[in-house]
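Worksheet: the structure to be examined is printed underneath.
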Amino acid sequence: MRQPGRDGVGAELTLPVGDRRLVRHVKADPSYLAQSDLPVHFGLGTAERAARLEIWWPGGRVDVIEDIAPGRILTVRKGEGVVGETPYSVR
């Protein structure tokens with residue numbers, strides 16, 4: 001049985017890129033006839049890789065993923081790290 005919040009709602013993701021620190025939040029904000037998209041997107045600009053991604057989960061746990069290549073879709077599970085990875089493609 002999965003724990004509540006399995007989609008990561010409430011998590012904060014922090015990604016340092018160059019001299020900037022990008023922050024995203026996972027939220028589900030449904031509105032009339034629509035629902036928020038749960039995946040989080042970071043643009044790396046001209047950076048060749050992301051050195052470190054911190055995921056602050058609800059409840060206080062922090063997972064860190066290091067050395068991330070661009071152009072990838074990562075599936076991350078709390079406490080397990082990256083459990084899936086596929087190339088990103090524009091539809």
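Identifiers in the structure tokens: chain A, B, ... in order shown; residue index from 1 per chain; ligand index from 1 in order shown.
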
Excluding region 8-20 of chain A and any residue of its chain fewer than 5 positions from it, enumerate the residues within 8 Å of it, using only C-alpha atoms, and give them as a JSON list (two decimals) with N, CA and C atoms, in the first residue's frame.
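Saved file around26.json follows:
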[["chain", "number", "residue", "atom", "x", "y", "z"],
["A", 25, "HIS", "N", 7.58, 23.97, -6.99],
["A", 25, "HIS", "CA", 6.73, 23.27, -6.03],
["A", 25, "HIS", "C", 5.79, 22.34, -6.79],
["A", 26, "VAL", "N", 5.56, 21.16, -6.23],
["A", 26, "VAL", "CA", 4.60, 20.23, -6.81],
["A", 26, "VAL", "C", 3.25, 20.54, -6.17],
["A", 27, "LYS", "N", 2.31, 20.93, -7.01],
["A", 27, "LYS", "CA", 0.99, 21.26, -6.48],
["A", 27, "LYS", "C", -0.09, 20.78, -7.43],
["A", 28, "ALA", "N", -1.21, 20.47, -6.85],
["A", 28, "ALA", "CA", -2.38, 20.05, -7.63],
["A", 28, "ALA", "C", -3.45, 21.09, -7.39],
["A", 38, "LEU", "N", 1.15, 17.71, -12.83],
["A", 38, "LEU", "CA", 2.02, 17.44, -11.69],
["A", 38, "LEU", "C", 3.52, 17.42, -12.01],
["A", 44, "LEU", "N", 17.64, 24.30, -18.16],
["A", 44, "LEU", "CA", 19.04, 24.47, -17.77],
["A", 44, "LEU", "C", 19.76, 25.58, -18.52],
["A", 47, "ALA", "N", 23.65, 25.46, -19.53],
["A", 47, "ALA", "CA", 24.37, 24.50, -18.68],
["A", 47, "ALA", "C", 24.35, 23.11, -19.31],
["A", 50, "ALA", "N", 23.05, 19.40, -14.68],
["A", 50, "ALA", "CA", 22.65, 19.92, -13.37],
["A", 50, "ALA", "C", 23.44, 19.14, -12.33],
["A", 51, "ALA", "N", 24.18, 19.84, -11.51],
["A", 51, "ALA", "CA", 25.04, 19.16, -10.53],
["A", 51, "ALA", "C", 24.25, 18.51, -9.41],
["A", 52, "ARG", "N", 23.12, 19.14, -9.02],
["A", 52, "ARG", "CA", 22.43, 18.66, -7.81],
["A", 52, "ARG", "C", 20.98, 19.11, -7.82],
["A", 53, "LEU", "N", 20.09, 18.21, -7.51],
["A", 53, "LEU", "CA", 18.67, 18.51, -7.33],
["A", 53, "LEU", "C", 18.28, 18.06, -5.93],
["A", 54, "GLU", "N", 17.73, 18.99, -5.15],
["A", 54, "GLU", "CA", 17.25, 18.66, -3.80],
["A", 54, "GLU", "C", 15.73, 18.59, -3.83],
["A", 55, "ILE", "N", 15.18, 17.53, -3.28],
["A", 55, "ILE", "CA", 13.73, 17.38, -3.20],
["A", 55, "ILE", "C", 13.36, 17.34, -1.72],
["A", 56, "TRP", "N", 12.64, 18.36, -1.29],
["A", 56, "TRP", "CA", 12.18, 18.47, 0.09],
["A", 56, "TRP", "C", 10.73, 17.98, 0.13],
["A", 57, "TRP", "N", 10.55, 16.77, 0.66],
["A", 57, "TRP", "CA", 9.23, 16.15, 0.68],
["A", 57, "TRP", "C", 8.42, 16.63, 1.88],
["A", 58, "PRO", "N", 7.09, 16.61, 1.77],
["A", 58, "PRO", "CA", 6.26, 16.89, 2.95],
["A", 58, "PRO", "C", 6.64, 15.90, 4.05]]

Notebook entry, point to check: When DSSP works through the backbone of this structure, what residues of chain A end up as strand (DSSP E), shown as number ranges by chain?
Noted result: A: 12-17, 20-25, 50-56, 62-68, 72-77, 81-87

Next item on the list: Can you work out which one of A:Phe42, A:Gly59, A:Glu48, A:Asp7 has the shortest atom-to-atom distance to Thr75 (chain A), counting only C-alpha atoms?
Entry: A:Asp7

Notebook entry, point to check: Quick one, how far is CA of Gly45 (chain A) from CA of Lys78 (chain A)?
Noted result: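 Computed distance, CA of Gly45 (chain A) to CA of Lys78 (chain A), equals 27.1 Å.
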
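Nearest to Arg61 (chain A) of all the residues A:Ser89, A:His41, A:Ile73, A:Gly81 is A:Gly81, based on only C-alpha atoms.
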
Margin query: Measuring between only C-alpha atoms, which one of A:Gly43, A:Ile65, A:Leu22, A:Gly60 shows the shortest distance to Val83 (chain A)?
Written below: A:Ile65
